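Undergrad: Structure below; questions to follow.
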Amino acid sequence: MLICLIRGVAGNSSATSQQLPGTVFQTEELTIGSAPDQQLQVPHEDVDPRHATLRVSTNGRVLLTAVSPRGVVVNGRRQTRVHLDPDDTLTLGETTVRIQRGRGEYACIVRIEDPFSADESQPAAAASTRNHSSRYTISFWSWTLTIGVAAIFLLVPIGTFLGPSMRKMLRSAPLVPSDALWSSGPLHDTHRFIGNDCTACHVNPFQPVRNSECETCHAEVQHHVDVRSADVKLFDRERCAQCHFEHKEPATLVLRDPRLCTDCHSRLDELKSNALVRDSSDFGSNHPEFRIAVLSEDQIVAPGQWRAIWLEASKPETFKERSHLKFSHEQHLNPKGIKSPLGDRVLECSDCHKPNASGREMMPIRMEIQCSGCHSLHFDEHDTSSGVPHGDLPRMFRALREHFSRLYLEAGSPARPDGGMRRPGGEARQMSLDEQRRARDWADTESLKMARELLEKRVCVDCHDVTHVLGASGFDQWKVSPVRLTQNWMPRARFNHATHITEPCTSCHNQAEHSKQSSDILMPGITRCRECHGGSHDSTKLGSDCVMCHRFHLPNRGRFDEQKQARLLQ
Amino acid sequence: MHQSFINFRNYRYGLIAGAASLLCIAAYNLDRPRVPPNGGTWLGYTLGTIAALLVIFLALFGIRKRSFSSNIGTALGWVSAHVYLGLAALLIATLHSGMHFGANVHTLAYVLMCIVTLSGCWGVYAYISFPGAMMNQRGNLRRSEFLRQIAELDSSALELAEGISPQMTQLLTECARRTDLGGGNLWKQLRGRDESTILMGDTGPARGAHVVPNTNQRALIQTLAELRTGGRQSQIALSSVQKLLGLVGSKAALLQRLRRETQLAALLRIWLFFHVPVCCALLAALFIHIVTVFLYW
């Protein structure tokens, strides 16, 4: 198929057609565009590099197909695909292309009328570096990106405010932008279960999360002060989120900055008149000496009642535990050993002081567990069943009387009139009343004698304060002071023995090996702690903030519930 | 000393931006917030506000540079401030973020800011180095003079060709028409490849013409060289062909310089295709960032 292109200058077509021979292409499809590799090249800003094609069929019909989305203007109308008739005119930029009926061997003749002549062929358009023809201009990209960002990150996610069903749809559908895109960071592990339900906590738009949202789950969290006291007013502006910080990295649910505590605790005197706690601002440089809470028996108001009293090491005359126990650590920790049923034994702290299951605290000292291995309560060394019970005087006396009564009844009792000898062939007979009274008297006398020995000379008196009751006699004449050992010496602080296990006990309880009295308090002072622990910003020691040892939410203070507190205070 | 946007008024904006940056870095390092450093502390809010205002100021440059009649500062001063404060803005925004990043609109705004700043840095580099290189290519000629010279070469060649044969005239006419002058879309300008073609084999109707690549006018030069050595030409025609070869060679050299110059001009413009659209997206992301931070306070 031969297609002939004849170029001419607009308005002078006949002349140029004679001057220049036509260009003949042997093809069925003629390419039209501004690129130099196009068979019909029209360099113009309005013409794409590959703009259109002309397909000539064997019957001479010409089909114009626009490759460019801009189409081709045919006879003044923009077309994308059209069959051309002879004398149809295409407008490409400033060039006019006229289709002519094929003649002779030419299936089609295409006459091109350029606006400029061949010798002024400077194709300014080909050199143009302006980019008018491209749709992808800077402003196109600007609008596309801006609208795209606005749609993905604001317009679609804001649909979560259009109702629960829309909210659920947006949040659950994969790859659909939701308000999760507004999250400034991941939730703490403990809150992961909330998922992307932002409005679970962020209930009111443009308002910080309220305490009541936290209390939905954390209803039982206790306050820092007694909610029935006026102190609670000091906290009326405090928000949970001030100390419990979410959506930030590193994920720390409890903020450890000391100022959260020291804002008040460095000036408690200004805030309240009857501050029991002394001011502190930094563990390393400004923290009061530890006060020790020791159990003490009330002697005046409610005798027999025990309560914790606070003692200070700076007042040695009162810095004593009054547990009513006689005990010498020095004696028990004698490096040469201490007498035991199995001979002399060298004791270690851990022989008596055993950690509980968590390892944090020590188990309570119990006579039956820690002491009875050596401190036997057997009063008759020839009789292994002769023990008395511990901790209960009436039961002890009953046990003694049972023991001596049995002894009387059994053969061999020296108190019987027959010398305790039963002759061969003699028959067992019922005791007479007189005999019974004699037996009771003998058992009572022997029991009392043994009780006196146990309570006043050996066994009980070794460890206990035994006093005589004025004017009383018999078994009522003795009183053993009850023993209460302090278990929690620093109830306002948390100490974990397990994390300090690399240190020997005496590293902190360094007076234990020289303590002769049970009244000695062997708790370490702050100086000992400060050998390793520094202030929160100490770079040479273990930085220790307030919450390392202290807690904000204290037991039995009442719920951290604003409304409830308000009600209580009214 | 020549005053450019770099050393405008003795580096006035460089010093202002540097001092502001140092001040912000010092504040960031001295600040001891109760929470890990983030955009929500008082310093975070302050740095964020400064950075946001800077971004808006930097975006205003897009308006100012089109307002030729504006008297608000000189255009050079605005460029200088734009460059230096733009760098400071990224640094301040980084401090504002507290180095917390995630898959969210806040980090999107930061990433867009990085892209805008980086493309801006490329722009600075381009504006410092390319105009000089373009001058070297053009040799103190204006672009239009370049094109005029090429057109003159073309018309001289056509005059010579008319003395040789009509075919030669048509060959050279089509060759001039199909010469790639380096224009076209931005991608083509950037690539700088000579896509010139020539119509060959158009001597008889039976054969038909075909389009042949004519990179650096090589195909034309080869055709002319073959004619010269073909021996079937008259003496006059031979000298015309010889002259033609000279003209085409000059044109090829001119074209190469023009194309390189066009390429540099395109490189000088391409970064704006990132800088401006991403800046618009950044303004949108920044707005959403500010709104949503307080929406879910």
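Identifiers in this document derive from the order of the structure tokens: chains are assigned A, B, ..., residues are numbered from 1 separately in each chain, and ligands are numbered from 1 in order of occurrence.
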Could I get the residues of chain B with an atom no further than 6 Å from an atom of chain A, each paired with its nearest atom pair and that distance in Å to one decimal, using only C-alpha atoms, sorted by chain and residue number, as CSV?

TA:
residue,atom,partner,partner_atom,distance
B:Arg34,CA,A:Asp257,CA,5.3
B:Asn104,CA,A:Leu181,CA,4.5
B:Val105,CA,A:Leu181,CA,5.8
B:Ala151,CA,A:Gln122,CA,5.4
B:Ser155,CA,A:Asp119,CA,5.5
B:Arg178,CA,A:Pro36,CA,4.8
B:Leu181,CA,A:Ala127,CA,4.7
B:Gly182,CA,A:Ala127,CA,5.8
B:Gly183,CA,A:Ala127,CA,4.3
B:Gly184,CA,A:Thr129,CA,5.9
B:Asn185,CA,A:Asn131,CA,5.6
B:Ser196,CA,A:Pro36,CA,5.7
B:Thr197,CA,A:Pro36,CA,5.5
B:Gly208,CA,A:Phe25,CA,4.5
B:Ala209,CA,A:Phe25,CA,4.9
B:Phe273,CA,A:Ile138,CA,5.4
B:Pro277,CA,A:Ser142,CA,3.6
B:Cys280,CA,A:Thr146,CA,5.7
B:Ala281,CA,A:Thr146,CA,4.2
B:Ala284,CA,A:Thr146,CA,6.0
B:Phe294,CA,A:Phe206,CA,5.1
B:Leu295,CA,A:Phe206,CA,4.3
B:Tyr296,CA,A:His202,CA,5.7
B:Trp297,CA,A:Pro208,CA,4.7

Undergrad: Just the residues within 10 Å of Phe327 (chain A), please, counting only C-alpha atoms, with nothing from its chain fewer than 2 positions along; format it as a list in words.

TA: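 Everything that qualifies: His324, Leu325, His329, Glu330, Gln331, His332, Asp462, Cys463, His464, Ser515, Lys516, Gln517, Ser518, Ser519 and Asp520 of chain A.
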
Undergrad: What gap, in Å, lies between CA of Val241 (chain B) and CA of Met168 (chain B)?

TA: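 Taking CA of Val241 (chain B) and CA of Met168 (chain B), their separation equals 9.9 Å.
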
Undergrad: I want to know what sits within 12 Å of Arg398 (chain A), based on only C-alpha atoms, with residues of the same chain fewer than 3 positions away left out; could you give that as a ChimeraX atom specification?

TA: /A:387-389,392-395,401-405,443-444,447-448,451,475

Undergrad: Choose the residue, out of B:Ala88, B:Leu95, B:Ala51, B:Leu258, that has the smallest atom-to-atom separation from Asp31 (chain B); count only C-alpha atoms.

TA: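 Residue with the minimum atom-to-atom distance to Asp31 (chain B): B:Leu95.
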